[in-house]
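A.B. asks: Quick one: this structure, given as structure tokens, is what I'll be asking you about.
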Amino acid sequence: MKRTPLYAAFQAAGARFVDFAGWEMPVQIRGIRHEHEAVRRGVGLFDVSHMGEIEVRGPGAAELCQQVTTNDVSKLVVGRAIYSPWCDEQGGTIDDTILYRPDEKRWLFCVNAGNIAVCLEWLTTQARGRADIEVLDFSPETALVAVQGPRASALVGTLGATSALLALRRFSCVETLLAGVPALVARTGYTGEDGFEIFVNAARVEALWTALLEVGASHAVELIGLGARDTLRLEAALPLYGHELSREISPLEAGLDFAVKLDGPAFLGREALRRQRTAGLQRRLIGLVAEGAGIPREGYEVIAKGRVVGRVTSGTQTPWLDRPIALALVESAEVEAALAVRIRGRDVPMRRVATPFYRQGMPPGLDDARSAKQGS
């Protein structure tokens, strides 16, 4: 298995490791609930260097980026970023990515760890024969650190961060020095909290990590593993590729309409998605909260009127909301029906709720007054 440049730092901290997309990654250090609550209340540090970084350069770069992304790249100015799925010609999802534009010449895709080879091949294939496009994989030499939580800005601000960095809006980025280390810093994340994602040369990441830990001591910073990363993103109803998205699940079915511009510039898969929209979605991703004992897990059957109408894509006993929650892909005709999830042979009643389950600043516990009528 592959290891990130920060493997030794997590090993020294007593982390438990798991295989994730071919990487030996820390799943927890002091416990998932503890780490989850640390991010919701304060600030956490994540090593996400397993993610992929692919740059597109050249006069034709914007055209290629638009060709592969469902969002509208024409609106992406220097210093900004957009979230966008990639689709194949049938409308299936190849990956979901964030596209950053650090300067006039570079377009940087951050792709999921398990899809680096697939995305690189997809971009290279679409660029074949184009002398005006260069596709470069910087994944092996790039480390990525996430600083997430309500105290993230205060922590980063102690590392010599500029006023321009601290004033960044969501989905903006800037190249700067942090603790003397050159970095591309973006106000993005995967937790439902404020925070930053910091791209840095792999050879320099240990120096930055040490500085973050030193200044983080006064901010009660915690190291966070993949376990809490998953529960945090699930509370925020953020999709995980291979669960809420896949070649068999379109971004429209996953509720990502905001990132699919069917009336914007052309992209691969647009006609298939238009047909899907015109015909009406056969499945929809919805949020569920258990009304009885039992935790809905990935792959569990969703039941309505005595038959299987869908499956759970992700589920857990949520640490902050302290309830069993799930995202489930369900037949559109049955999303308003009385639903249950089959858990170890029992049909546990479920209540459909609006997503995200958690919004920034929400106090602990699930507000039972919310309903799916608010939208999902």
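Following the order of the structure tokens, first chain is A, next is B, and so on, with residues numbered from 1 inside each chain and ligands from 1 in the order they appear.
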Which residues, written as a ChimeraX atom specification, have at least one atom at most 12 Å from Phe199 (chain A), with only C-alpha atoms counted and residues fewer than 3 positions away on the same chain left out?
C.D. replies: /A:47-53,100,102,108-110,138-139,141-147,173-178,181-188,196,202-205,208-209
A.B. asks: Could you pull out the strand (DSSP E or B) residues of region 149-197 of chain A, going by DSSP on the backbone, and write them as number ranges by chain?
C.D. replies: A: 172-178, 181-186, 195-197
A.B. asks: Within 9 Å of region 237-260 of chain A, which residues of region 285-304 of chain A come that close, and what is the closest atom pair and distance in Å for each? Count only C-alpha atoms and give it as CSV.
C.D. replies:
```
residue,atom,partner,partner_atom,distance
A:Leu285,CA,A:Ala254,CA,5.2
A:Ile286,CA,A:Gly255,CA,8.5
A:Gly287,CA,A:Ala237,CA,8.1
A:Glu298,CA,A:His243,CA,7.8
```
A.B. asks: If we count only C-alpha atoms, what is near Leu339 (chain A) at a cut-off of 8 Å, once residues fewer than 6 positions away on the same chain are taken out, given as an NGL selection string?
C.D. replies: :A and (302-304 or 349-352)
A.B. asks: Write down as a PyMOL selection string the residues of region 189-300 of chain A whose backbone DSSP state falls under helix (DSSP H, G or I).
C.D. replies: chain A and resi 202-219+226-235+257-259+270-279
A.B. asks: If we count only C-alpha atoms and set the cut-off at 7 Å, which residues sit around region 154-167 of chain A, ignoring sequence neighbours fewer than 3 positions away in its own chain? Please answer as a list of chain:residue names.
C.D. replies: A:Arg151, A:Val174, A:Leu178, A:Ala179, A:Val215, A:Gly216, A:His219
A.B. asks: Please determine, counting only C-alpha atoms, which residue among A:Gln66, A:Asn112, A:Thr4, A:Ser84 has the shortest atom-to-atom distance to Ala21 (chain A).
C.D. replies: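 Ranked by minimum distance to Ala21 (chain A), first place goes to A:Asn112.
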A.B. asks: Restricting the calculation to only C-alpha atoms: of A:Gly292, A:Pro26, A:Gly195, A:Gly92, which residue gets closest to Ala12 (chain A)?
C.D. replies: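 Under the stated criterion, the closest residue is A:Pro26.
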A.B. asks: A:Lys105, A:Glu271, A:Phe46, A:Phe10: which is nearest Gly58 (chain A), counting only C-alpha atoms?
C.D. replies: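 Distance minimum relative to Gly58 (chain A) lands on A:Lys105.
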A.B. asks: What's the separation between CA of Gly264 (chain A) and CA of Pro85 (chain A), in Å to one decimal place?
C.D. replies: 14.7 Å
A.B. asks: Provide the CA of Leu226 (chain A) to CA of Arg169 (chain A) distance in Å, to one decimal place.
C.D. replies: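 So the two atoms, CA of Leu226 (chain A) and CA of Arg169 (chain A), lie 25.9 Å apart.
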A.B. asks: Using only C-alpha atoms, determine which residues lie at most 12 Å from Trp122 (chain A), disregarding the query and same-chain residues fewer than 4 positions distant; provide the list as a PyMOL selection string.
C.D. replies: chain A and resi 54+64-65+67-69+86-88+94-95+115-118+126-128+135+268
A.B. asks: Please dump the current selection as a compact mmCIF listing (two decimals), in the first residue's frame; keep N, CA and C atoms.
C.D. replies:
```txt
# COMPACT_ATOMS: atom_id res chain seq x y z
N ILE A 54 -4.46 17.06 -10.67
CA ILE A 54 -4.18 17.01 -12.10
C ILE A 54 -4.37 18.41 -12.67
N LEU A 64 -11.14 22.16 -22.58
CA LEU A 64 -11.11 20.78 -22.11
C LEU A 64 -11.80 20.66 -20.75
N CYS A 65 -11.54 21.60 -19.86
CA CYS A 65 -12.16 21.55 -18.54
C CYS A 65 -13.68 21.61 -18.66
N GLN A 67 -15.41 20.62 -21.25
CA GLN A 67 -15.85 19.39 -21.90
C GLN A 67 -16.11 18.26 -20.89
N VAL A 68 -15.30 18.21 -19.84
CA VAL A 68 -15.41 17.08 -18.91
C VAL A 68 -16.25 17.40 -17.67
N THR A 69 -16.57 18.66 -17.42
CA THR A 69 -17.29 19.02 -16.19
C THR A 69 -18.72 19.43 -16.49
N TRP A 86 -17.97 14.79 -13.09
CA TRP A 86 -17.65 14.46 -14.48
C TRP A 86 -18.59 13.33 -14.89
N CYS A 87 -19.08 13.37 -16.12
CA CYS A 87 -19.99 12.32 -16.58
C CYS A 87 -19.47 11.65 -17.85
N ASP A 88 -19.85 10.39 -18.02
CA ASP A 88 -19.61 9.73 -19.30
C ASP A 88 -20.78 10.04 -20.23
N ILE A 94 -18.29 9.77 -13.47
CA ILE A 94 -16.91 9.28 -13.48
C ILE A 94 -16.22 9.64 -12.17
N ASP A 95 -16.46 10.85 -11.70
CA ASP A 95 -15.90 11.32 -10.43
C ASP A 95 -16.59 12.62 -10.08
N ASN A 115 -9.84 7.39 -7.97
CA ASN A 115 -10.13 7.69 -9.37
C ASN A 115 -9.01 8.45 -10.07
N ILE A 116 -7.84 8.53 -9.45
CA ILE A 116 -6.75 9.30 -10.05
C ILE A 116 -6.42 8.76 -11.44
N ALA A 117 -6.20 7.46 -11.56
CA ALA A 117 -5.83 6.88 -12.85
C ALA A 117 -6.96 7.04 -13.86
N VAL A 118 -8.19 6.84 -13.41
CA VAL A 118 -9.35 6.96 -14.31
C VAL A 118 -9.47 8.40 -14.82
N GLN A 126 -9.48 12.79 -23.86
CA GLN A 126 -10.21 13.92 -24.44
C GLN A 126 -9.26 14.94 -25.07
N ALA A 127 -8.03 15.00 -24.57
CA ALA A 127 -7.05 15.97 -25.08
C ALA A 127 -6.20 15.42 -26.22
N ARG A 128 -6.39 14.15 -26.55
CA ARG A 128 -5.55 13.50 -27.56
C ARG A 128 -5.61 14.25 -28.90
N VAL A 135 -1.81 18.02 -20.16
CA VAL A 135 -2.39 17.41 -18.96
C VAL A 135 -1.26 16.86 -18.11
N LEU A 268 -19.61 16.57 -21.85
CA LEU A 268 -19.85 15.15 -22.06
C LEU A 268 -20.96 14.65 -21.14
```
A.B. asks: What's the 12 Å shell around Pro324 (chain A), counting only C-alpha atoms, without same-chain residues fewer than 6 positions away, as a count of residues only?
C.D. replies: 28
A.B. asks: CA of Val39 (chain A) and CA of Leu321 (chain A) are how many Å apart?
C.D. replies: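 Computed distance, CA of Val39 (chain A) to CA of Leu321 (chain A), equals 13.7 Å.
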